[in-house]
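Structure file query.txt with compact mmCIF, C-alpha atoms:
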```txt
# COMPACT_ATOMS: atom_id res chain seq x y z
CA MET D 203 -113.94 -147.13 140.58
CA ILE D 204 -112.63 -144.86 143.33
CA ARG D 205 -115.22 -146.18 145.79
CA ARG D 206 -114.18 -149.77 144.97
CA VAL D 207 -110.53 -148.95 145.61
CA GLN D 208 -111.42 -147.25 148.89
CA ALA D 209 -113.41 -150.33 149.95
CA SER D 210 -110.46 -152.60 149.13
CA SER D 211 -107.21 -153.10 151.00
CA LEU D 212 -105.36 -150.86 148.51
CA ALA D 213 -104.17 -147.49 149.77
CA ILE D 214 -105.16 -144.43 147.77
CA ALA D 215 -103.98 -140.93 148.61
CA TRP D 216 -104.60 -138.93 145.43
CA VAL D 217 -106.36 -139.04 142.06
CA THR D 218 -105.62 -137.67 138.60
CA ALA D 219 -108.23 -137.25 135.87
CA ASP D 220 -108.70 -135.71 132.46
CA SER D 221 -111.01 -132.79 131.76
CA ALA D 222 -114.05 -135.03 131.19
CA TYR D 223 -114.00 -135.66 134.97
CA GLY D 224 -112.17 -132.50 136.02
CA GLN D 225 -114.87 -130.17 134.74
CA ASP D 226 -117.46 -131.97 136.91
CA SER D 227 -117.80 -130.08 140.21
CA HIS D 228 -119.67 -133.04 141.74
CA PHE D 229 -116.67 -135.29 141.03
CA ARG D 230 -114.26 -132.79 142.61
CA ARG D 231 -116.56 -132.39 145.62
CA PHE D 232 -116.71 -136.21 145.98
CA LEU D 233 -112.90 -136.33 146.06
CA GLU D 234 -112.71 -133.56 148.63
CA ASP D 235 -115.39 -135.16 150.81
CA ALA D 236 -113.41 -138.42 150.59
CA ARG D 237 -110.31 -136.48 151.78
CA LEU D 238 -108.46 -137.40 148.57
CA SER D 239 -105.98 -135.03 147.00
CA TYR D 240 -106.31 -134.60 143.26
CA VAL D 241 -104.95 -133.00 140.13
CA VAL D 242 -107.58 -132.84 137.40
CA ALA D 243 -107.46 -131.23 133.98
CA VAL D 244 -110.15 -128.66 133.30
CA PRO D 245 -111.14 -126.90 130.09
CA LYS D 246 -109.88 -123.33 129.75
CA SER D 247 -113.51 -122.27 129.35
CA GLN D 248 -114.29 -123.39 132.93
CA GLN D 249 -115.52 -120.57 135.14
CA VAL D 250 -114.02 -119.94 138.57
CA HIS D 251 -116.47 -117.91 140.66
CA GLY D 252 -117.16 -115.61 137.72
CA PRO D 253 -114.27 -115.31 135.25
CA ARG D 254 -113.18 -118.06 132.91
CA ILE D 255 -109.86 -119.78 133.57
CA ASP D 256 -108.41 -118.61 130.23
CA TYR D 257 -109.14 -115.01 131.31
CA LEU D 258 -107.34 -115.57 134.62
CA ILE D 259 -104.35 -117.05 132.79
CA ALA D 260 -104.20 -114.08 130.41
CA GLN D 261 -104.12 -111.71 133.42
CA ALA D 262 -101.12 -113.44 135.01
CA PRO D 263 -98.13 -111.09 135.09
CA PRO D 264 -94.87 -112.23 133.48
CA GLU D 265 -93.28 -112.87 136.90
CA ALA D 266 -96.03 -115.41 137.69
CA TRP D 267 -94.56 -117.79 135.10
CA GLN D 268 -91.63 -120.08 135.80
CA ARG D 269 -89.87 -122.19 133.17
CA LEU D 270 -89.57 -125.81 134.30
CA SER D 271 -89.01 -129.18 132.70
CA ALA D 272 -91.79 -131.72 132.39
CA GLY D 273 -89.09 -134.38 131.99
CA PRO D 274 -86.97 -135.73 129.18
CA GLY D 275 -88.48 -136.35 125.78
CA ALA D 276 -87.26 -137.77 122.48
CA LYS D 277 -85.77 -134.36 121.58
CA GLY D 278 -84.44 -133.43 125.02
CA GLU D 279 -86.01 -131.71 128.00
CA ARG D 280 -89.66 -130.77 127.59
CA LEU D 281 -89.66 -127.19 128.84
CA TYR D 282 -92.86 -125.29 129.60
CA ASP D 283 -93.81 -122.11 131.41
CA TRP D 284 -95.80 -122.87 134.58
CA ALA D 285 -97.92 -120.64 136.82
CA ALA D 286 -100.08 -121.35 139.85
CA ALA D 287 -102.79 -119.27 141.48
CA ARG D 288 -104.76 -119.87 144.65
CA LEU D 289 -108.50 -119.96 144.00
CA PRO D 290 -110.99 -118.35 146.38
CA ALA D 291 -112.65 -120.41 149.10
CA VAL D 292 -116.17 -121.66 148.43
CA TRP D 293 -118.16 -120.52 151.45
CA GLU D 294 -121.04 -122.97 150.89
CA PHE D 295 -118.59 -125.89 151.12
CA ASP D 296 -115.80 -124.51 153.29
CA GLY D 297 -117.65 -122.43 155.86
CA GLU D 298 -115.94 -119.74 157.90
CA GLU D 299 -112.58 -121.51 158.21
CA PRO D 300 -111.55 -123.48 155.12
CA THR D 301 -109.41 -126.55 155.80
CA ARG D 302 -108.26 -126.88 152.19
CA GLN D 303 -106.98 -124.53 149.55
CA ARG D 304 -107.81 -124.91 145.87
CA TRP D 305 -105.27 -124.03 143.20
CA MET D 306 -105.15 -123.58 139.46
CA LEU D 307 -101.99 -124.79 137.75
CA ALA D 308 -101.34 -123.62 134.19
CA ARG D 309 -98.77 -124.95 131.74
CA ARG D 310 -97.95 -122.92 128.64
CA SER D 311 -95.93 -124.11 125.67
CA ILE D 312 -92.81 -122.03 125.03
CA SER D 313 -92.79 -122.71 121.29
CA ARG D 314 -94.01 -119.88 119.12
CA ARG D 315 -96.30 -120.52 116.21
CA HIS D 316 -97.44 -117.70 113.95
CA GLY D 317 -95.99 -115.13 116.36
CA ARG D 318 -98.02 -116.41 119.33
CA ARG D 319 -97.23 -118.72 122.19
CA GLY D 320 -98.34 -122.31 121.89
CA ARG D 321 -101.14 -124.13 123.66
CA SER D 322 -101.96 -123.95 127.34
CA SER D 323 -103.16 -126.68 129.69
CA VAL D 324 -104.91 -126.09 133.00
CA TRP D 325 -105.40 -128.21 136.11
CA ARG D 326 -107.18 -127.74 139.43
CA CYS D 327 -105.78 -129.15 142.62
CA PRO D 328 -106.42 -128.75 146.35
CA SER D 329 -103.92 -128.71 149.18
CA THR D 330 -104.36 -129.04 152.93
```

I'd like the structure from this file rewritten - as structure tokens, please.
Amino acid sequence: MIRRVQASSLAIAWVTADSAYGQDSHFRRFLEDARLSYVVAVPKSQQVHGPRIDYLIAQAPPEAWQRLSAGPGAKGERLYDWAAARLPAVWEFDGEEPTRQRWMLARRSISRRHGRRGRSSVWRCPST
């Protein structure tokens, strides 16, 4: 689908995808090789050069989180805690001087259920 859009007269600058695509490193590499920016969901069990993403999220200090709105909802503003972390360069793909940075963006529910924070969602995204 992305190749068809690129071959057409439509302009495409970035792509979003759910975790079915986001967990696929070949898909992310295709987007990067095509010079397309992206924000893709990934499962919390995804590994990032060793540790799992849920482990990295758990290690984030309290000051890493910022409360922001995800927009208005039926019951008012949808507030979540957000944190971002720069991921390490991938030498095999980036070489000595990376031209892009890869980031992990985490969103955590602020509602408490059974004494614990609610669900988390995680995305990966590059920047130039």

- Query: Of the candidates D:Ser239, D:Val244, D:Met306, D:Ser323, which shows the shortest atom-to-atom distance to D:Asp283, using all atoms listed in the file?
  - Reply: D:Ser323

- Rank D:Met203, D:Arg280, D:Ala286, D:Arg302 by their smallest atom-to-atom distance to D:Leu258, using all atoms listed in the file, and report the top residue only.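 Checking each candidate against D:Leu258, we get D:Ala286 as the closest.
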
- Write out as a list of chain:residue names which residues come within 10 Å of stretch 249-251 of chain D when counting only C-alpha atoms, dropping same-chain ones fewer than 6 positions away.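 The residues that qualify are D:Gln225, D:Tyr257, D:Leu258, D:Leu289, D:Pro290, D:Ala291, D:Val292, D:Met306.
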
- Query: What is the distance between atom CA of D:Gln268 and atom CA of D:Ser247, in Å to one decimal?
  - Reply: 22.9 Å

- Top pick for closest residue to D:Tyr223, considering D:Arg206, D:Arg326, D:Asp235, D:Ala243 and counting only C-alpha atoms: D:Ala243

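We find atom CA of D:Ile214 and atom CA of D:Leu238 to be spaced 7.8 Å apart.
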
- atom CA of D:Ala308 to atom CA of D:Trp216, distance in Å rounded to a single decimal: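 Going from atom CA of D:Ala308 over to atom CA of D:Trp216 covers 19.3 Å.
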
- Item | Residue nearest D:Ser221 among D:Lys246, D:Arg254, D:Arg304, D:Arg310 (counting only C-alpha atoms) | D:Lys246

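Using all atoms listed in the file, the smallest distance between any of D:Val242, D:Ile312, D:Val207, D:Ala236 and D:Leu270 comes from D:Ile312.
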
- Which residue gives the smallest distance to D:Ala266 among D:Ala287, D:Gly278, D:Cys327, D:Gly224, with all atoms listed in the file counted?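 Smallest distance to D:Ala266 is found for D:Ala287.
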
- Message: Counting all atoms listed in the file, find residues at most 12 Å from (-112.3, -136.8, 151.5) (file frame) and give them as a list in words.
- Response: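 I get Ile204, Arg205, Gln208, Ile214, Ala215, Trp216, Val217, Phe229, Arg230, Arg231, Phe232, Leu233, Glu234, Asp235, Ala236, Arg237, Leu238, Ser239, Tyr240, Thr301, Arg302, Pro328, Ser329 and Thr330 of chain D for the residues within 12 Å of that point.
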
Output C-alpha atoms for every residue in that selection, as an mmCIF file, keeping the file's coordinate frame.
```cif
data_model
loop_
_atom_site.group_PDB
_atom_site.id
_atom_site.type_symbol
_atom_site.label_atom_id
_atom_site.label_comp_id
_atom_site.auth_asym_id
_atom_site.auth_seq_id
_atom_site.Cartn_x
_atom_site.Cartn_y
_atom_site.Cartn_z
ATOM 1 C CA ILE D 204 -112.630 -144.860 143.330
ATOM 2 C CA ARG D 205 -115.220 -146.180 145.790
ATOM 3 C CA GLN D 208 -111.420 -147.250 148.890
ATOM 4 C CA ILE D 214 -105.160 -144.430 147.770
ATOM 5 C CA ALA D 215 -103.980 -140.930 148.610
ATOM 6 C CA TRP D 216 -104.600 -138.930 145.430
ATOM 7 C CA VAL D 217 -106.360 -139.040 142.060
ATOM 8 C CA PHE D 229 -116.670 -135.290 141.030
ATOM 9 C CA ARG D 230 -114.260 -132.790 142.610
ATOM 10 C CA ARG D 231 -116.560 -132.390 145.620
ATOM 11 C CA PHE D 232 -116.710 -136.210 145.980
ATOM 12 C CA LEU D 233 -112.900 -136.330 146.060
ATOM 13 C CA GLU D 234 -112.710 -133.560 148.630
ATOM 14 C CA ASP D 235 -115.390 -135.160 150.810
ATOM 15 C CA ALA D 236 -113.410 -138.420 150.590
ATOM 16 C CA ARG D 237 -110.310 -136.480 151.780
ATOM 17 C CA LEU D 238 -108.460 -137.400 148.570
ATOM 18 C CA SER D 239 -105.980 -135.030 147.000
ATOM 19 C CA TYR D 240 -106.310 -134.600 143.260
ATOM 20 C CA THR D 301 -109.410 -126.550 155.800
ATOM 21 C CA ARG D 302 -108.260 -126.880 152.190
ATOM 22 C CA PRO D 328 -106.420 -128.750 146.350
ATOM 23 C CA SER D 329 -103.920 -128.710 149.180
ATOM 24 C CA THR D 330 -104.360 -129.040 152.930
#
```

Would you mind writing stretch 239-251 of chain D with N, CA and C atoms, as a PDB file, in the frame of the given file?
```pdb
ATOM      1  N   SER D 239    -106.604-136.087 147.778  1.00  0.00           N
ATOM      2  CA  SER D 239    -105.980-135.030 147.000  1.00  0.00           C
ATOM      3  C   SER D 239    -106.155-135.361 145.526  1.00  0.00           C
ATOM      4  N   TYR D 240    -106.136-134.341 144.687  1.00  0.00           N
ATOM      5  CA  TYR D 240    -106.310-134.600 143.260  1.00  0.00           C
ATOM      6  C   TYR D 240    -105.645-133.530 142.417  1.00  0.00           C
ATOM      7  N   VAL D 241    -105.355-133.919 141.183  1.00  0.00           N
ATOM      8  CA  VAL D 241    -104.950-133.000 140.130  1.00  0.00           C
ATOM      9  C   VAL D 241    -105.788-133.410 138.922  1.00  0.00           C
ATOM     10  N   VAL D 242    -106.687-132.529 138.513  1.00  0.00           N
ATOM     11  CA  VAL D 242    -107.580-132.840 137.400  1.00  0.00           C
ATOM     12  C   VAL D 242    -107.473-131.760 136.330  1.00  0.00           C
ATOM     13  N   ALA D 243    -107.449-132.179 135.097  1.00  0.00           N
ATOM     14  CA  ALA D 243    -107.460-131.230 133.980  1.00  0.00           C
ATOM     15  C   ALA D 243    -108.845-130.599 133.903  1.00  0.00           C
ATOM     16  N   VAL D 244    -108.881-129.348 133.521  1.00  0.00           N
ATOM     17  CA  VAL D 244    -110.150-128.660 133.300  1.00  0.00           C
ATOM     18  C   VAL D 244    -110.054-127.887 131.996  1.00  0.00           C
ATOM     19  N   PRO D 245    -111.185-127.700 131.320  1.00  0.00           N
ATOM     20  CA  PRO D 245    -111.140-126.900 130.090  1.00  0.00           C
ATOM     21  C   PRO D 245    -110.865-125.439 130.427  1.00  0.00           C
ATOM     22  N   LYS D 246    -110.197-124.751 129.527  1.00  0.00           N
ATOM     23  CA  LYS D 246    -109.880-123.330 129.750  1.00  0.00           C
ATOM     24  C   LYS D 246    -111.141-122.480 129.814  1.00  0.00           C
ATOM     25  N   SER D 247    -112.251-123.005 129.320  1.00  0.00           N
ATOM     26  CA  SER D 247    -113.510-122.270 129.350  1.00  0.00           C
ATOM     27  C   SER D 247    -114.209-122.387 130.712  1.00  0.00           C
ATOM     28  N   GLN D 248    -113.682-123.204 131.607  1.00  0.00           N
ATOM     29  CA  GLN D 248    -114.290-123.390 132.930  1.00  0.00           C
ATOM     30  C   GLN D 248    -114.300-122.069 133.695  1.00  0.00           C
ATOM     31  N   GLN D 249    -115.411-121.789 134.344  1.00  0.00           N
ATOM     32  CA  GLN D 249    -115.520-120.570 135.140  1.00  0.00           C
ATOM     33  C   GLN D 249    -115.101-120.843 136.571  1.00  0.00           C
ATOM     34  N   VAL D 250    -114.459-119.853 137.180  1.00  0.00           N
ATOM     35  CA  VAL D 250    -114.020-119.940 138.570  1.00  0.00           C
ATOM     36  C   VAL D 250    -114.634-118.758 139.302  1.00  0.00           C
ATOM     37  N   HIS D 251    -115.786-118.964 139.904  1.00  0.00           N
ATOM     38  CA  HIS D 251    -116.470-117.910 140.660  1.00  0.00           C
ATOM     39  C   HIS D 251    -116.598-116.634 139.835  1.00  0.00           C
TER      40      HIS D 251
END
```
